[in-house]
$ cat upload_37.pdb   # PDB, C-alpha atoms and all ligand atoms
ATOM      1  CA  MET A1272     140.401  14.561 145.843  1.00  0.00           C
ATOM      2  CA  GLU A1273     140.032  13.049 149.321  1.00  0.00           C
ATOM      3  CA  ARG A1274     142.746  12.838 151.952  1.00  0.00           C
ATOM      4  CA  SER A1275     142.864  10.565 155.002  1.00  0.00           C
ATOM      5  CA  PHE A1276     145.017  10.455 158.121  1.00  0.00           C
ATOM      6  CA  ILE A1277     146.516   6.990 158.587  1.00  0.00           C
ATOM      7  CA  MET A1278     148.745   6.057 161.522  1.00  0.00           C
ATOM      8  CA  VAL A1279     150.752   2.904 162.157  1.00  0.00           C
ATOM      9  CA  LYS A1280     150.496   2.498 165.933  1.00  0.00           C
ATOM     10  CA  PRO A1281     153.408   1.538 168.237  1.00  0.00           C
ATOM     11  CA  ASP A1282     152.698  -2.202 167.839  1.00  0.00           C
ATOM     12  CA  GLY A1283     152.808  -1.928 164.027  1.00  0.00           C
ATOM     13  CA  VAL A1284     156.061   0.071 164.102  1.00  0.00           C
ATOM     14  CA  GLN A1285     157.737  -2.302 166.571  1.00  0.00           C
ATOM     15  CA  ARG A1286     156.694  -5.348 164.565  1.00  0.00           C
ATOM     16  CA  GLY A1287     158.201  -3.898 161.374  1.00  0.00           C
ATOM     17  CA  LEU A1288     154.906  -3.524 159.495  1.00  0.00           C
ATOM     18  CA  VAL A1289     155.389   0.053 158.221  1.00  0.00           C
ATOM     19  CA  GLY A1290     156.823  -1.056 154.865  1.00  0.00           C
ATOM     20  CA  ASP A1291     154.067  -3.594 154.264  1.00  0.00           C
ATOM     21  CA  ILE A1292     151.367  -1.042 155.090  1.00  0.00           C
ATOM     22  CA  ILE A1293     152.868   1.619 152.797  1.00  0.00           C
ATOM     23  CA  ASN A1294     153.151  -1.030 150.091  1.00  0.00           C
ATOM     24  CA  ARG A1295     149.453  -1.937 150.372  1.00  0.00           C
ATOM     25  CA  PHE A1296     148.363   1.696 150.019  1.00  0.00           C
ATOM     26  CA  GLU A1297     150.755   2.355 147.116  1.00  0.00           C
ATOM     27  CA  LYS A1298     149.676  -0.784 145.266  1.00  0.00           C
ATOM     28  CA  LYS A1299     146.025   0.169 145.745  1.00  0.00           C
ATOM     29  CA  GLY A1300     146.820   3.371 143.839  1.00  0.00           C
ATOM     30  CA  PHE A1301     146.814   5.984 146.592  1.00  0.00           C
ATOM     31  CA  THR A1302     149.369   8.781 146.826  1.00  0.00           C
ATOM     32  CA  LEU A1303     151.437   9.474 149.932  1.00  0.00           C
ATOM     33  CA  VAL A1304     151.376  13.210 150.618  1.00  0.00           C
ATOM     34  CA  GLY A1305     152.988  13.295 154.091  1.00  0.00           C
ATOM     35  CA  ALA A1306     154.748  10.882 156.448  1.00  0.00           C
ATOM     36  CA  LYS A1307     156.781  10.975 159.649  1.00  0.00           C
ATOM     37  CA  LEU A1308     157.993   8.692 162.433  1.00  0.00           C
ATOM     38  CA  MET A1309     157.253  10.456 165.689  1.00  0.00           C
ATOM     39  CA  GLN A1310     156.915  10.154 169.432  1.00  0.00           C
ATOM     40  CA  VAL A1311     153.383  11.295 170.349  1.00  0.00           C
ATOM     41  CA  SER A1312     152.864  13.755 173.218  1.00  0.00           C
ATOM     42  CA  LYS A1313     150.141  13.086 175.802  1.00  0.00           C
ATOM     43  CA  GLU A1314     148.459  16.345 174.733  1.00  0.00           C
ATOM     44  CA  ARG A1315     148.291  15.339 171.053  1.00  0.00           C
ATOM     45  CA  ALA A1316     147.093  11.819 171.936  1.00  0.00           C
ATOM     46  CA  GLU A1317     144.300  13.194 174.148  1.00  0.00           C
ATOM     47  CA  LYS A1318     143.189  15.604 171.402  1.00  0.00           C
ATOM     48  CA  HIS A1319     143.291  12.881 168.754  1.00  0.00           C
ATOM     49  CA  TYR A1320     141.142  10.527 170.845  1.00  0.00           C
ATOM     50  CA  GLU A1321     138.928  13.208 172.475  1.00  0.00           C
ATOM     51  CA  GLU A1322     135.709  11.534 171.263  1.00  0.00           C
ATOM     52  CA  HIS A1323     136.635   8.529 173.447  1.00  0.00           C
ATOM     53  CA  LYS A1324     137.314  10.674 176.556  1.00  0.00           C
ATOM     54  CA  GLU A1325     134.488   9.117 178.577  1.00  0.00           C
ATOM     55  CA  ARG A1326     135.260   5.513 177.596  1.00  0.00           C
ATOM     56  CA  PRO A1327     136.778   3.235 180.256  1.00  0.00           C
ATOM     57  CA  PHE A1328     139.724   2.446 177.966  1.00  0.00           C
ATOM     58  CA  PHE A1329     140.669   6.108 177.290  1.00  0.00           C
ATOM     59  CA  GLY A1330     143.656   6.124 179.677  1.00  0.00           C
ATOM     60  CA  GLU A1331     144.942   2.840 178.263  1.00  0.00           C
ATOM     61  CA  LEU A1332     144.539   4.177 174.717  1.00  0.00           C
ATOM     62  CA  VAL A1333     146.506   7.363 175.420  1.00  0.00           C
ATOM     63  CA  SER A1334     149.239   5.529 177.301  1.00  0.00           C
ATOM     64  CA  PHE A1335     149.604   2.964 174.497  1.00  0.00           C
ATOM     65  CA  ILE A1336     149.809   5.529 171.682  1.00  0.00           C
ATOM     66  CA  THR A1337     152.428   7.562 173.601  1.00  0.00           C
ATOM     67  CA  SER A1338     154.453   4.490 174.657  1.00  0.00           C
ATOM     68  CA  SER A1339     156.784   4.395 171.606  1.00  0.00           C
ATOM     69  CA  PRO A1340     156.946   5.960 168.124  1.00  0.00           C
ATOM     70  CA  VAL A1341     154.105   5.891 165.614  1.00  0.00           C
ATOM     71  CA  PHE A1342     154.315   6.373 161.842  1.00  0.00           C
ATOM     72  CA  ALA A1343     151.876   9.112 160.840  1.00  0.00           C
ATOM     73  CA  MET A1344     150.802   9.500 157.209  1.00  0.00           C
ATOM     74  CA  VAL A1345     148.412  11.359 154.943  1.00  0.00           C
ATOM     75  CA  TRP A1346     147.193   9.485 151.870  1.00  0.00           C
ATOM     76  CA  GLU A1347     145.330  11.004 148.952  1.00  0.00           C
ATOM     77  CA  GLY A1348     143.011   9.462 146.378  1.00  0.00           C
ATOM     78  CA  GLU A1349     139.467   8.857 145.267  1.00  0.00           C
ATOM     79  CA  HIS A1350     137.362   7.545 148.195  1.00  0.00           C
ATOM     80  CA  VAL A1351     140.546   7.046 150.221  1.00  0.00           C
ATOM     81  CA  ILE A1352     138.744   7.453 153.589  1.00  0.00           C
ATOM     82  CA  SER A1353     136.283   4.581 153.177  1.00  0.00           C
ATOM     83  CA  THR A1354     138.667   2.437 151.117  1.00  0.00           C
ATOM     84  CA  ALA A1355     141.414   2.724 153.744  1.00  0.00           C
ATOM     85  CA  ARG A1356     138.889   1.619 156.404  1.00  0.00           C
ATOM     86  CA  ALA A1357     138.040  -1.417 154.295  1.00  0.00           C
ATOM     87  CA  MET A1358     141.756  -2.208 153.812  1.00  0.00           C
ATOM     88  CA  MET A1359     142.346  -1.913 157.583  1.00  0.00           C
ATOM     89  CA  GLY A1360     139.455  -4.203 158.545  1.00  0.00           C
ATOM     90  CA  LYS A1361     137.136  -3.971 161.541  1.00  0.00           C
ATOM     91  CA  THR A1362     138.435  -2.202 164.694  1.00  0.00           C
ATOM     92  CA  ASN A1363     138.310  -5.426 166.699  1.00  0.00           C
ATOM     93  CA  PRO A1364     140.700  -7.839 164.952  1.00  0.00           C
ATOM     94  CA  ILE A1365     138.429 -10.749 165.963  1.00  0.00           C
ATOM     95  CA  ASP A1366     135.928  -9.385 163.424  1.00  0.00           C
ATOM     96  CA  ALA A1367     138.479  -8.259 160.823  1.00  0.00           C
ATOM     97  CA  ALA A1368     138.462 -10.347 157.646  1.00  0.00           C
ATOM     98  CA  PRO A1369     141.600 -12.156 156.494  1.00  0.00           C
ATOM     99  CA  GLY A1370     143.295 -10.081 153.809  1.00  0.00           C
ATOM    100  CA  THR A1371     142.758  -6.858 155.743  1.00  0.00           C
ATOM    101  CA  ILE A1372     145.620  -5.324 157.731  1.00  0.00           C
ATOM    102  CA  ARG A1373     144.061  -6.071 161.130  1.00  0.00           C
ATOM    103  CA  GLY A1374     142.709  -9.404 159.921  1.00  0.00           C
ATOM    104  CA  ASP A1375     146.211 -10.452 158.880  1.00  0.00           C
ATOM    105  CA  TYR A1376     148.325  -9.002 161.710  1.00  0.00           C
ATOM    106  CA  ALA A1377     146.328  -8.206 164.873  1.00  0.00           C
ATOM    107  CA  VAL A1378     144.555 -10.080 167.665  1.00  0.00           C
ATOM    108  CA  SER A1379     143.830  -7.330 170.214  1.00  0.00           C
ATOM    109  CA  VAL A1380     141.367  -4.408 170.004  1.00  0.00           C
ATOM    110  CA  GLY A1381     143.809  -2.153 171.882  1.00  0.00           C
ATOM    111  CA  MET A1382     146.858  -3.138 169.850  1.00  0.00           C
ATOM    112  CA  ASN A1383     145.234  -3.178 166.434  1.00  0.00           C
ATOM    113  CA  ILE A1384     148.207  -1.940 164.374  1.00  0.00           C
ATOM    114  CA  ILE A1385     146.661   0.985 162.517  1.00  0.00           C
ATOM    115  CA  HIS A1386     144.302   3.960 162.759  1.00  0.00           C
ATOM    116  CA  GLY A1387     142.473   5.600 159.859  1.00  0.00           C
ATOM    117  CA  SER A1388     140.070   8.549 159.735  1.00  0.00           C
ATOM    118  CA  ASP A1389     136.413   7.461 159.761  1.00  0.00           C
ATOM    119  CA  SER A1390     134.810  10.428 157.940  1.00  0.00           C
ATOM    120  CA  GLU A1391     135.643  13.577 155.976  1.00  0.00           C
ATOM    121  CA  GLU A1392     135.221  15.641 159.152  1.00  0.00           C
ATOM    122  CA  SER A1393     137.578  13.401 161.147  1.00  0.00           C
ATOM    123  CA  ALA A1394     140.108  13.393 158.313  1.00  0.00           C
ATOM    124  CA  ALA A1395     140.199  17.211 158.173  1.00  0.00           C
ATOM    125  CA  ARG A1396     140.493  17.458 161.961  1.00  0.00           C
ATOM    126  CA  GLU A1397     143.144  14.754 162.278  1.00  0.00           C
ATOM    127  CA  ILE A1398     145.294  15.979 159.356  1.00  0.00           C
ATOM    128  CA  ALA A1399     145.330  19.482 160.890  1.00  0.00           C
ATOM    129  CA  LEU A1400     146.215  18.020 164.306  1.00  0.00           C
ATOM    130  CA  TRP A1401     149.120  15.889 163.074  1.00  0.00           C
ATOM    131  CA  PHE A1402     150.619  17.782 160.121  1.00  0.00           C
ATOM    132  CA  SER A1403     151.501  21.369 159.269  1.00  0.00           C
ATOM    133  CA  ASN A1404     150.807  22.571 155.716  1.00  0.00           C
ATOM    134  CA  GLU A1405     154.569  22.623 155.015  1.00  0.00           C
ATOM    135  CA  GLU A1406     154.789  18.914 155.816  1.00  0.00           C
ATOM    136  CA  LEU A1407     152.227  18.012 153.156  1.00  0.00           C
ATOM    137  CA  THR A1408     153.077  17.843 149.511  1.00  0.00           C
ATOM    138  CA  SER A1409     151.556  16.169 146.519  1.00  0.00           C
ATOM    139  CA  LEU A1410     153.484  14.127 143.998  1.00  0.00           C
ATOM    140  CA  ASP A1411     152.345  15.047 140.516  1.00  0.00           C
ATOM    141  CA  LYS A1412     152.514  11.668 138.813  1.00  0.00           C
ATOM    142  CA  THR A1413     153.818  12.121 135.257  1.00  0.00           C
ATOM    143  CA  ILE A1414     155.369   8.686 134.742  1.00  0.00           C
TER     144      ILE A1414
HETATM  145  P1  LIG D   1     141.264   3.492 166.565  1.00  0.00           P
HETATM  146  O1  LIG D   1     140.757   3.321 165.181  1.00  0.00           O
HETATM  147  O2  LIG D   1     142.641   4.034 166.714  1.00  0.00           O
HETATM  148  O3  LIG D   1     140.248   4.424 167.382  1.00  0.00           O
HETATM  149  C1  LIG D   1     139.899   4.226 168.714  1.00  0.00           C
HETATM  150  C2  LIG D   1     140.653   3.097 169.314  1.00  0.00           C
HETATM  151  O4  LIG D   1     140.172   2.666 170.562  1.00  0.00           O
HETATM  152  C3  LIG D   1     140.494   1.877 168.435  1.00  0.00           C
HETATM  153  O5  LIG D   1     141.241   2.054 167.270  1.00  0.00           O
HETATM  154  C4  LIG D   1     140.936   0.756 169.341  1.00  0.00           C
HETATM  155  O6  LIG D   1     142.328   0.481 169.228  1.00  0.00           O
HETATM  156  C5  LIG D   1     140.658   1.351 170.710  1.00  0.00           C
HETATM  157  N1  LIG D   1     139.659   0.565 171.438  1.00  0.00           N
HETATM  158  C6  LIG D   1     138.384   0.369 171.078  1.00  0.00           C
HETATM  159  N2  LIG D   1     137.774  -0.418 172.004  1.00  0.00           N
HETATM  160  C7  LIG D   1     138.710  -0.712 172.955  1.00  0.00           C
HETATM  161  C8  LIG D   1     138.698  -1.468 174.136  1.00  0.00           C
HETATM  162  N3  LIG D   1     137.581  -2.087 174.549  1.00  0.00           N
HETATM  163  N4  LIG D   1     139.834  -1.543 174.863  1.00  0.00           N
HETATM  164  C9  LIG D   1     140.957  -0.912 174.453  1.00  0.00           C
HETATM  165  N5  LIG D   1     141.027  -0.160 173.319  1.00  0.00           N
HETATM  166  C10 LIG D   1     139.911  -0.075 172.581  1.00  0.00           C
END

$ encode --input "upload_37.pdb" --output "structure tokens"
Amino acid sequence: MERSFIMVKPDGVQRGLVGDIINRFEKKGFTLVGAKLMQVSKERAEKHYEEHKERPFFGELVSFITSSPVFAMVWEGEHVISTARAMMGKTNPIDAAPGTIRGDYAVSVGMNIIHGSDSEESAAREIALWFSNEELTSLDKTI
């Protein structure tokens, strides 16, 4: 079973979109296996976005993600990595289709509400960076 790291960014938390985003993933049929509201350290933000280190917007990205709390989650389910990306919509909200999270709620590529792992490798790396094993559990659905 696949797992993906999904994070509601500071703009999504401040705009009160956490509940809606959780609702979308639950209704799709995915299982929440870890979640926490947290203030991100500069060190964690730089590690998370290390592949963008050379990009001109790297500093802006790190300062935005550390500016106020994020809601970090791990979701589990069949094809959750690619399906979550489809539910989020394109990175630049201008290109994100209506009905997707970014298509419905965002207008700016920097403040685009949500992050989701883009591959199995990224998911494994990001889950290990953001969560300890003790913070992850799996609800055995019997009802
Ligand atoms: P995310 O999925 O979190 O991964 C990298 C982030 O970089 C991306 O979402 C965008 O929010 C951000 N990003 C990409 N391009 C730009 C840009 N030109 N200016 C600012 N931020 C950007």

$ residues_near_ligand --input "upload_37.pdb" --ligand "ligand LIG 1 (chain D)" --cutoff "9 Å" --atoms "only C-alpha atoms and all ligand atoms" --output "list of chain:residue names"
A:Met1278, A:Lys1280, A:Tyr1320, A:Glu1322, A:His1323, A:Arg1326, A:Pro1327, A:Phe1328, A:Phe1329, A:Glu1331, A:Leu1332, A:Ile1336, A:Lys1361, A:Thr1362, A:Asn1363, A:Ser1379, A:Val1380, A:Gly1381, A:Met1382, A:Asn1383, A:Ile1384, A:Ile1385, A:His1386, A:Gly1387, A:Ser1388, A:Asp1389

$ residues_around --input "upload_37.pdb" --residues "region 1394-1398 of chain A" --least-positions-apart "6" --cutoff "10 Å" --atoms "all atoms listed in the file" --output "PyMOL selection string"
chain A and resi 1273-1277+1305+1318-1320+1343-1345+1352+1387-1388+1404+1407

$ atom_distance --input "upload_37.pdb" --atom1 "CA of Glu1347 (chain A)" --atom2 "CA of Lys1299 (chain A)"
11.3 Å

$ residues_near_point --input "upload_37.pdb" --point "(152.8, 7.5, 147.7)" --cutoff "8 Å" --atoms "all atoms listed in the file" --output "PyMOL selection string"
chain A and resi 1293+1296-1297+1301-1304+1346+1410

$ write_last_selection --input "upload_37.pdb" --atoms "C-alpha atoms" --output "short mmCIF file (atom, residue, chain, number, x, y, z; two decimals), keeping the file's coordinate frame"
data_model
loop_
_atom_site.label_atom_id
_atom_site.label_comp_id
_atom_site.auth_asym_id
_atom_site.auth_seq_id
_atom_site.Cartn_x
_atom_site.Cartn_y
_atom_site.Cartn_z
CA ILE A 1293 152.87 1.62 152.80
CA PHE A 1296 148.36 1.70 150.02
CA GLU A 1297 150.76 2.36 147.12
CA PHE A 1301 146.81 5.98 146.59
CA THR A 1302 149.37 8.78 146.83
CA LEU A 1303 151.44 9.47 149.93
CA VAL A 1304 151.38 13.21 150.62
CA TRP A 1346 147.19 9.48 151.87
CA LEU A 1410 153.48 14.13 144.00
#

$ atom_distance --input "upload_37.pdb" --atom1 "CA of Val1378 (chain A)" --atom2 "CA of Asp1291 (chain A)"
17.7 Å

$ atom_distance --input "upload_37.pdb" --atom1 "CA of Ser1312 (chain A)" --atom2 "CA of Val1289 (chain A)"
20.5 Å

$ axis_aligned_box --input "upload_37.pdb" --around "region 1373-1385 of chain A" --padding-each-side "3 Å" --output "lines of an AutoDock Vina configuration file"
center_x = 144.8
center_y = -4.7
center_z = 165.4
size_x = 13.0
size_y = 17.4
size_z = 19.0

$ residues_near_point --input "upload_37.pdb" --point "(142.5, 7.3, 145.0)" --cutoff "6 Å" --atoms "all atoms listed in the file" --output "short mmCIF file (atom, residue, chain, number, x, y, z; two decimals) with C-alpha atoms, in the frame of the given file"
data_model
loop_
_atom_site.label_atom_id
_atom_site.label_comp_id
_atom_site.auth_asym_id
_atom_site.auth_seq_id
_atom_site.Cartn_x
_atom_site.Cartn_y
_atom_site.Cartn_z
CA GLY A 1300 146.82 3.37 143.84
CA PHE A 1301 146.81 5.98 146.59
CA GLY A 1348 143.01 9.46 146.38
CA GLU A 1349 139.47 8.86 145.27
CA VAL A 1351 140.55 7.05 150.22
#

$ closest_residue --input "upload_37.pdb" --among "A:Val1333, A:Lys1298, A:Ile1292, A:Arg1286" --to "Glu1321 (chain A)" --atoms "only C-alpha atoms"
A:Val1333

$ residues_around --input "upload_37.pdb" --residues "Val1341 (chain A)" --least-positions-apart "3" --cutoff "6 Å" --atoms "only C-alpha atoms" --output "ChimeraX atom specification"
/A:1279-1281,1308-1309

$ decode --input "upload_37.pdb" --residues "region 1357-1410 of chain A" --atoms "C-alpha atoms" --output "compact mmCIF listing (two decimals), in the first residue's frame"
# COMPACT_ATOMS: atom_id res chain seq x y z
CA ALA A 1357 -4.33 14.95 -9.49
CA MET A 1358 -6.59 16.10 -6.63
CA MET A 1359 -4.21 19.00 -5.86
CA GLY A 1360 -4.01 20.21 -9.47
CA LYS A 1361 -1.05 21.72 -11.31
CA THR A 1362 1.64 23.50 -9.23
CA ASN A 1363 0.83 26.85 -10.83
CA PRO A 1364 -2.82 27.57 -9.94
CA ILE A 1365 -3.23 29.36 -13.30
CA ASP A 1366 -2.99 25.91 -14.91
CA ALA A 1367 -4.88 24.00 -12.21
CA ALA A 1368 -8.30 22.75 -13.31
CA PRO A 1369 -11.44 23.80 -11.46
CA GLY A 1370 -12.43 21.04 -9.05
CA THR A 1371 -8.84 20.53 -7.92
CA ILE A 1372 -7.65 22.00 -4.62
CA ARG A 1373 -5.38 24.59 -6.25
CA GLY A 1374 -7.85 25.18 -9.07
CA ASP A 1375 -10.56 25.99 -6.53
CA TYR A 1376 -8.60 27.94 -3.90
CA ALA A 1377 -5.28 29.34 -5.18
CA VAL A 1378 -4.06 32.05 -7.56
CA SER A 1379 -0.32 32.23 -6.80
CA VAL A 1380 2.44 29.69 -7.57
CA GLY A 1381 4.20 30.54 -4.29
CA MET A 1382 1.08 30.42 -2.15
CA ASN A 1383 -0.51 27.35 -3.69
CA ILE A 1384 -2.15 25.92 -0.54
CA ILE A 1385 -0.79 22.37 -0.55
CA HIS A 1386 2.25 20.18 -1.19
CA GLY A 1387 2.20 16.49 -2.08
CA SER A 1388 5.00 14.02 -2.78
CA ASP A 1389 5.70 13.61 -6.51
CA SER A 1390 7.13 10.05 -6.54
CA GLU A 1391 7.65 6.98 -4.36
CA GLU A 1392 11.22 8.12 -3.65
CA SER A 1393 10.10 11.61 -2.60
CA ALA A 1394 7.31 10.17 -0.47
CA ALA A 1395 9.72 7.90 1.44
CA ARG A 1396 12.20 10.76 1.92
CA GLU A 1397 9.58 13.31 2.96
CA ILE A 1398 7.70 10.98 5.35
CA ALA A 1399 11.00 10.17 7.11
CA LEU A 1400 11.87 13.89 7.28
CA TRP A 1401 8.55 14.99 8.77
CA PHE A 1402 7.34 12.07 10.91
CA SER A 1403 8.85 9.62 13.38
CA ASN A 1404 7.64 6.00 13.25
CA GLU A 1405 5.78 6.52 16.55
CA GLU A 1406 3.74 9.32 14.99
CA LEU A 1407 2.42 7.05 12.23
CA THR A 1408 -0.34 4.59 12.80
CA SER A 1409 -2.79 2.81 10.57
CA LEU A 1410 -6.50 2.59 11.21
